[in-house]
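Input: a single structure, listed below in structure tokens.
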Amino acid sequence: MKTKHTLYLIALTSLGLFVGCSKPLEEKVFSFIAPENFYRNATDAQVALNAVYDGIQGFHLADRAYMIGDMGSDDTFTGEFRGNQDRIQMDEFTVDANNGINRDRFENTYIAINRANAVIARVPTINMDAALRDNIVNQAKFLRAMWYFDLVQLYGAVPLRLDETASLTDVGSARVPVARIYDEAILPDLRAAENLPTTQSNRGAATRGAAKALLARVLMTRAGNTPGSPLWAQARDKAKEVMDLGVNRLLANYNDVFLLQNENSAEHLFSAQFSSQQNEGSSFQVFFQPRGINGIAANGNGVNEPTFDIVQAFELTDLRSNTAFIREFRLAAGGSRWYAPSGNCVGSPTPCTPRPYIGKYFETSLPIGNLNYPVIRYADVLLIYAEAANEASGPTDLAYDALNQVRRRAGLANLPTGLGQAQFRDRVRAERRVELCFEAIRRYDLVRWGILLETMREHFRRFYPPLVANVQAHEVLMPIPQREIDLNPAIEQADQNPGY
Amino acid sequence: MKMKLLYLLVFLLLGNSLQSQAQMVRVSGKVLGDDGNALPGVNVLLKGSTTGTTSDVSGTFALIVPSANAVLMFSFIGYEPQEVAVGNRTLIDVTMISDVKSLNEVIVVGYGTQKKSDLTGSVTSISSKEIKQVAVASLDQALQGRAAGVQVTQSSAAPGGGVSIRVRGGNSIQASNEPLYVIDGIPIFPDNGTFAPGTSGGGQAQNALANLNPGDIESMEVLKDASATAIYGSRGANGVVIITTKRGKAGATNVDIENYYGIQSVSRRLPLLNAEEFATVANEARVNRGVATIFTPEQIASFRNNSTDWQDEVFRQAPIRNHQVTVSGGSEGTRFAISGNYFGQDGVIINSGFKRASLRINVDKNIGKKIVVGNSIQIARTWNNQQVTDITRGGVVNGALVFSPTLPVFDANGNYTFDNSAVPGSQQVGNPVQDAVETLNRTITNRVLGNVYGEWNIMEGLRFRASLGIDYQSARRDFYAPVTNNRGRNTFGSALAEKKDVISPVGTLTMTYNKNFGDDHQFTFLAGYETQSQTVDFLQANSSNFPTDALTSNNIGLGQIIGTPASGRGLWRLDSWFGRVNYTLMGKFLFTGTFRADGSSRFGSGNKWGYFPSAAIGYNLSEEQFVQNLNLFSNLKVTASWGLTGNQEIGLYQSLSQLGTVRYPFGEVIVIGQAPGRVANPNLRWEKTNQFNTGLEMAFFDNRLSFEAAYYYKRTQDLLLNLDLPRTTGFSSILQNIGSVENKGLELAFTSSNFVGDFKWNTSGNITFNRNKVIALGPGETFRLAPDTGDGHLQIGNSSILQVGSPVGSFFGLVTSGIVQTGEQVLPGSSSFGTVGPGDIRYVDVNGDGQINNNDRTIIGNPQPKFFYGFTNNFSYKNFDLAVFLQGTYGNDVWNVNSHELYRNDGATNNIASTIDRWRPDAQSSQWPSARTRPFVLSDRHIERASFLRVRTITLGYNLPAAKLNLKWLRTARVYVQGQNLFTFTKYTGFDPEVNSLGQSSIGLGIDRGTFPMARMFMLGLNVGL
């Protein structure tokens, strides 16, 4: 009987011990950090900022900026192997509200903006070195301004969110007028970012020069194609401030600007950073290179090919042409393939393909994927100066000088003196096109100048007549993605950009 | 600490053996079947003990029994059990009565057993005989066609591939809909993703149950209604499959050796264009586009006898084999069953296959009269060479379909044709043969599943049971794509190694009490406590850019680009209390009440505990005199039940706010960032399913004919469903308890002994009609477009819709009406779908606004069947037997995703042969458009009826009459031939209508994208019992 009692005892004890454990159902977290345990010190602040920078790499953002900026212009098209419907729409001017490239651009930009909002709201409450704190917050503001600037250029009025989304009870946000976005986000953010240091210990982080250069571009864009706008002078002066900082300059050789070893050089005010390591690589150069060829460092996809239009935009002696287009493609198996961007292989070594491919971004050794994608270069600043100065008060000597600096590096003669304002305007626009080709700027410039539609119609007329009719007035703006309209209670179908 | 105490308990139980003495009598006799033949293998058990034996080949048995009061119980599968009082006899001959479906059959239910006649819930029992009738790699496949209400879909026919099961329809939209498995008392949720170390770049995950040997199973019970499943509370809503493995019985030691060997081949190939036809189409498409042709007439002529059939190149005949040895038996005090198994199945695609080696040891030991201790344990190792298939781009099946037939596998130098870019305008696809042969995609798993238990009969009717179980799986996956093939070319060789450990301990304590008050009131009480947790640890490393392909993932450090390593750990815990009362009144009124309280770590801080009750009543009408007077029914019972069950399968940590880890390179210095990832939802709670069930059982002619019918209605509320957010919030969605889904249906099953005697013919069948629909989504939300479930590369956008009033998984797209003919105008807007004029596809203006656009999309298909069924006929004549097993579905649709490329007709991909009748100005087809590039559009052209009737198996066997041949050493011997998937009658034009590229997905159903094709199999088996 004693045994029996022992058994009872053990049974009960084991039952008790099975159950007796304090807070057994509290979820134990091992592999992630909760926001409540974060934003506590300077390290957290920098780590939070790093995540804002990571927003630059959002899908269909910087690494594929060309899919809107260049493919949606007269500079590139989606190539011979045109399978992807989204890219065909971009290329052929048939984008609709369900286009994936457009949707990703819109949505991932806002996801990045929310990260910036978190830093801007939370970091100022951290007890830390004030200078470092301001530096971090102002970098986040720079990035937020960059993204809102992109949004207003592509979509016009967009939702304005300046606070981190903390609760999901009120998820709607209406489109607000472009002017408000500039006045409440882009301009104040960039003015704050002008206080950034002129150099940063993190290579590729936003600097005072980057903020001023972006602000110059913003002011110029605000001026639009309005002659006599006071904003032209502001843009000119802001560009001049960058030139006077003494930090940035043109590299001696155009080709050097795009070499891996010159990343974040004095010419690069701001670039989207990529590294081949840890899945942080860029893919754009692979997308640009010819398909079906086993190269020594890359096997291209050939989905973003230059048009003959941009090839012909280069003056014959322009050295930049040799950087912009592939001439020789070295094969893994030895030997080379040759390319004739003009479309004529006469005089070229063989085997020669009479087509242009983008050669501006080219890593020649493994591993590839390290190349940055430029956002603002010093050459752009010079051209902004030249354009803004000309619009403000006609072609001044300094405007000539800025433009000629760019031309001389390209091995071209100075502009003839004595040009009228309109003539100078044509020259600076032509210069922008070739200097900044394949840097996802062309479409924005065409929109800014108000000549997107006529330019595209002329382009299609010359090179692919069936597409002329596709170019519609509403396509100056991109459509708000249908998914956003469906989900955002503050945006109705009627709020869609007209024509979509 | 707790574990240690339980061990101590078991140890003490073992140590306290109590022996007894009594007067012993030897009885012997012979057991005959109702056909007069000796019946070997009959279990003979002394009632109230575990003493027993089995009859030998001549049907004789002998047993020592304690006294003349002893009662012997005779039982044998397929016969009615008998009890015989020994009295003062020493010679007892027994004739067993064959029985189609015994009502006294004992059914395993949650935490116990019940006589079938006492059941109030809806439970289907599947015997080992039925399980063994189909050679399968994993035990879940054995359920197919066997149980009403249970739809089994082999989502991938790859060896060891995925199986998806719906018990009475899918309750959930986003949480998993797979049933809970309870294997020898250990609950296992079979989420393939939890157990698989990874699938990136590879296709569907390996079946989470594939490393458990189906040959060890004694019985499977599927619990379907809430009366049966509510005792599993928060995990009961999707149904419960209880699996019991074989245990030893006292008596002679039996050795069973089972072997089969078979050959498999792809059951259906798709007819594609040959090289000449393909080149002609490619040229015509270029002409229609106004650009230069690709192939010269001379080239086209040369293709005439020079076409590559890529399906021939990647498919093969592949062997399958299984060898199992089971030794079982034991003495009065100790019973054992041990087995060893080897299963090997090569895939019908080159360089694929699955192997499993497993051992099982099940032992029961009596310690005195009151205590039994024992264990069941299985140790298994599997090797799985998978091919890249399904949605993954560059899959072998897709490659074999779309690759240009104009190119050879090897070029003139004997090197692989690298990809098809030599054909201008073609879709870039790697050589599928090279990709298949040169890519490593291997998963190796080791699994231990076992428990130890102690059972103590404290007093008459009162039994305490403690068990401690563990499910441990350690798995590793290796992936390597070399620079030489298309998969590795852009990364210059890429390697991945992933390791995952899943460990899940479970402790269960139950107390059972049987008490009768008089003759009319029989009670069974059950109370219990259970705690289970599961920890998943994973570790992953990857790199690319290899100077040589020689070392693959065995030396990841050799890659020059180091990918981000990853590791992680997740833990969930479930604490539960449960109870059940069974009350039988006057032997005919049955009452069952169950209750479970579950506390889960997965839910919001305010909703940790959920409570799941059920109640059921039954009425055994056949016990009533007025029914017996009818002389019609041998059994008549009606039941009704209601209960509440839950679903917790939402993954971990969903209620907590979370920061996500991201990276950014400053220059080449990579830094870590923490970004807002998820907003907290402390209110997150269970999905709740209310289920009402009513059942009817009828049997006639001494149970030779029996029917079962059940009607059920299930409504699932508080669905764990992501509420899509406008992305301007910075988030894409948040998991909430919103929405509701309804399933209702009718299940019918019957068994019939058409002939008895020398020629026997038994028929059984089941059929299920389930209707599933969405009742509600988020607040004010009437529909929701589900994300593209096909293949991102096709740019389809949304492929399915969740719409209030429609079934989950409904396909959503445009409606077509043939081809635009000459002189016909197309509607505005058509051009964005590739329709500009004659020869293009004609789309229907569904909303009547005069133009074609995305607003014309509508529901164009339903992947859920109107009904599904299984039908079995077993014939035997003397020593020969024949079994024919049919199974099928009706009324379901499949999205033939492959057809988007195969109907393309522009030379970018190869096409289905019938597209050769394409539209031309001089031969205006109304079915196939002209040769021209068009965007991929999801329309009813790609949704196909996938009803099928499959001859799943035909088995012809011969049982050697060992007794007649007087072979003392041989107990049984059986040789059989079997054909599997011999015929499939369907209008579906893909490989096989039973498919889902998305595996266990709850929303993505009936999707066929480059999935491993079904095989037809012929096999020869030999079973020997010694």
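Ordering of the structure tokens sets the chain letters (A, B, ...), residue numbers begin anew at 1 in every chain, and ligands are numbered from 1 in the order given.
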For a quick test of understanding: name the residues of chain B lying within 7 Å of chain A when counting only C-alpha atoms, and present them as a CSV table (one decimal) with C-alpha atoms, in the first residue's frame.
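So iface09.csv came out as:
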```
chain,number,residue,atom,x,y,z
B,2,LYS,CA,9.8,18.5,-15.4
B,5,LEU,CA,10.5,14.0,-12.9
B,6,LEU,CA,8.6,12.2,-15.6
B,9,LEU,CA,7.9,8.4,-12.5
B,421,SER,CA,19.2,32.5,-77.1
B,425,GLY,CA,13.4,36.4,-80.1
B,490,ASN,CA,24.9,35.1,-63.8
B,545,ASN,CA,31.3,33.5,-57.8
B,560,GLN,CA,34.2,35.1,-53.8
B,561,ILE,CA,31.0,36.9,-53.1
B,562,ILE,CA,29.8,36.1,-49.6
B,563,GLY,CA,26.1,36.2,-49.3
B,564,THR,CA,24.4,37.3,-46.0
B,568,GLY,CA,17.0,32.4,-36.5
B,569,ARG,CA,15.1,30.8,-33.8
B,570,GLY,CA,11.4,30.5,-33.1
B,571,LEU,CA,9.5,29.0,-30.2
B,573,ARG,CA,4.2,26.7,-26.7
B,599,GLY,CA,-3.2,28.6,-24.0
B,600,SER,CA,-1.0,29.5,-26.9
B,601,SER,CA,2.0,31.7,-27.0
B,602,ARG,CA,1.2,32.8,-30.5
B,657,SER,CA,5.6,44.8,-33.4
B,658,GLN,CA,8.9,44.2,-35.0
B,659,LEU,CA,11.9,45.8,-36.6
B,662,VAL,CA,18.2,45.5,-43.7
B,663,ARG,CA,21.6,46.5,-45.0
B,664,TYR,CA,23.2,49.3,-46.9
B,665,PRO,CA,26.7,49.7,-48.3
B,666,PHE,CA,28.5,52.9,-47.6
B,667,GLY,CA,31.2,52.6,-50.2
B,668,GLU,CA,32.0,49.0,-49.8
B,671,VAL,CA,26.1,48.5,-42.4
B,672,ILE,CA,23.1,47.1,-40.7
B,673,GLY,CA,19.8,49.0,-40.4
B,674,GLN,CA,16.6,48.4,-38.4
B,675,ALA,CA,13.5,49.4,-40.2
B,676,PRO,CA,9.9,49.4,-39.0
B,679,VAL,CA,2.9,47.2,-36.1
B,725,LEU,CA,-3.0,48.6,-46.1
B,726,PRO,CA,-2.4,51.4,-48.4
B,727,ARG,CA,1.3,51.4,-48.9
B,728,THR,CA,1.5,55.1,-48.2
B,729,THR,CA,1.4,54.0,-44.5
B,730,GLY,CA,4.8,52.4,-45.1
B,731,PHE,CA,3.4,48.9,-44.4
B,795,GLN,CA,3.1,39.5,-65.5
B,935,PRO,CA,1.0,40.0,-73.6
```
*Skip Arg217 in chain A itself and residues of its chain fewer than 5 positions away, then list as a list in words all residues within 10 Å of it, counting only C-alpha atoms.*
Phe149, Ala211, Lys212, Arg222, Ala223, Ala235, Arg236, Lys238, Ala239, Ile376, Asp380, Val381, Ile384, Tyr385 and Ala388 of chain A
Kindly save the residues from that selection, with C-alpha atoms included, as a PDB file, in the first residue's frame.
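And here's again36.pdb as it stands now:
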```pdb
ATOM      1  CA  PHE A 149      10.634  65.173 -55.034  1.00  0.00           C
ATOM      2  CA  ALA A 211      21.609  68.804 -50.194  1.00  0.00           C
ATOM      3  CA  LYS A 212      22.393  72.047 -52.007  1.00  0.00           C
ATOM      4  CA  ARG A 222       9.759  74.311 -59.564  1.00  0.00           C
ATOM      5  CA  ALA A 223      10.563  76.992 -62.108  1.00  0.00           C
ATOM      6  CA  ALA A 235      18.288  77.611 -58.565  1.00  0.00           C
ATOM      7  CA  ARG A 236      21.288  79.329 -60.155  1.00  0.00           C
ATOM      8  CA  LYS A 238      22.008  77.348 -55.089  1.00  0.00           C
ATOM      9  CA  ALA A 239      24.064  75.603 -57.771  1.00  0.00           C
ATOM     10  CA  ILE A 376      23.547  63.847 -58.685  1.00  0.00           C
ATOM     11  CA  ASP A 380      24.726  68.060 -63.411  1.00  0.00           C
ATOM     12  CA  VAL A 381      25.304  70.954 -60.996  1.00  0.00           C
ATOM     13  CA  ILE A 384      21.858  73.321 -63.686  1.00  0.00           C
ATOM     14  CA  TYR A 385      23.855  76.481 -63.165  1.00  0.00           C
ATOM     15  CA  ALA A 388      19.176  78.403 -64.539  1.00  0.00           C
TER      16      ALA A 388
END
```
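Distances to Ser321 in chain A were evaluated for A:Ser265, A:Thr455, A:Asn255, A:Asn37 using only C-alpha atoms, and the minimum falls at A:Asn255.
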*Can you check which residues of range 696-908 of chain B DSSP gives as helix (DSSP H, G or I) on the backbone and send them as a ChimeraX atom specification?*
/B:727-729,792-794,830-833,854-856,898-902
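Near range 310-319 of chain B, within a cut-off of 8 Å and counting only C-alpha atoms, sit the residues Tyr261, Gly262, Ile263, Gln264, Ser265, Val266, Arg269, Gln345, Asp346, Gly347, Val348, Ile349, Ile350, Val396, Ala400, Leu401, Phe403, Pro405, Pro432, Val433 and Ala436 of chain B, with same-chain residues fewer than 5 positions away left out.
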How would the residues just chosen look if you wrote them out with C-alpha atoms as a PDB file, in the first residue's frame?
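See selection.pdb below for the written result:
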```pdb
ATOM      1  CA  TYR B 261       9.609  -3.195 -56.966  1.00  0.00           C
ATOM      2  CA  GLY B 262       8.142  -1.080 -59.700  1.00  0.00           C
ATOM      3  CA  ILE B 263       8.833   1.004 -62.738  1.00  0.00           C
ATOM      4  CA  GLN B 264       7.375   4.463 -63.189  1.00  0.00           C
ATOM      5  CA  SER B 265       7.007   6.600 -66.256  1.00  0.00           C
ATOM      6  CA  VAL B 266       5.349   9.951 -66.918  1.00  0.00           C
ATOM      7  CA  ARG B 269       3.272  13.967 -72.189  1.00  0.00           C
ATOM      8  CA  GLN B 345      11.905   6.101 -55.484  1.00  0.00           C
ATOM      9  CA  ASP B 346      13.722   7.599 -58.403  1.00  0.00           C
ATOM     10  CA  GLY B 347      11.918  10.479 -60.021  1.00  0.00           C
ATOM     11  CA  VAL B 348      10.616  10.363 -63.560  1.00  0.00           C
ATOM     12  CA  ILE B 349      12.711  13.466 -64.194  1.00  0.00           C
ATOM     13  CA  ILE B 350      16.395  12.804 -64.571  1.00  0.00           C
ATOM     14  CA  VAL B 396      13.096  21.775 -65.611  1.00  0.00           C
ATOM     15  CA  ALA B 400      11.282  21.037 -71.336  1.00  0.00           C
ATOM     16  CA  LEU B 401       8.015  22.531 -72.564  1.00  0.00           C
ATOM     17  CA  PHE B 403      12.718  25.249 -75.063  1.00  0.00           C
ATOM     18  CA  PRO B 405      12.993  22.123 -80.505  1.00  0.00           C
ATOM     19  CA  PRO B 432      16.694  21.819 -69.162  1.00  0.00           C
ATOM     20  CA  VAL B 433      18.840  18.711 -69.453  1.00  0.00           C
ATOM     21  CA  ALA B 436      18.693  19.155 -64.352  1.00  0.00           C
TER      22      ALA B 436
END
```
*Which of these, A:Leu331, A:Ala494, A:Ala430, A:Ile126, has the shortest distance to Glu315 in chain A once you count only C-alpha atoms?*
A:Ala430
*asked:* Please extract the residues of range 863-1011 of chain B with a backbone DSSP assignment of strand (DSSP E) and present them as a VMD selection string.
replied: chain B and resid 867 to 877 880 to 890 893 to 896 943 to 945 948 to 959 972 to 986 1007 to 1008
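Atom pair CA of Arg904 in chain B / CA of Val468 in chain A has a distance of 26.2 Å (rounded to one decimal).
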*asked:* With only C-alpha atoms as the counted atoms, please give the residues lying no more than 7 Å from range 988-1003 of chain B, apart from itself and same-chain residues fewer than 2 positions off, as a PyMOL selection string.
replied: chain B and resi 153-156+162-164+172-174+176-177+204+268-270+390-391+808-809+896+944-946+948+986+1005-1009+1011+1013-1014
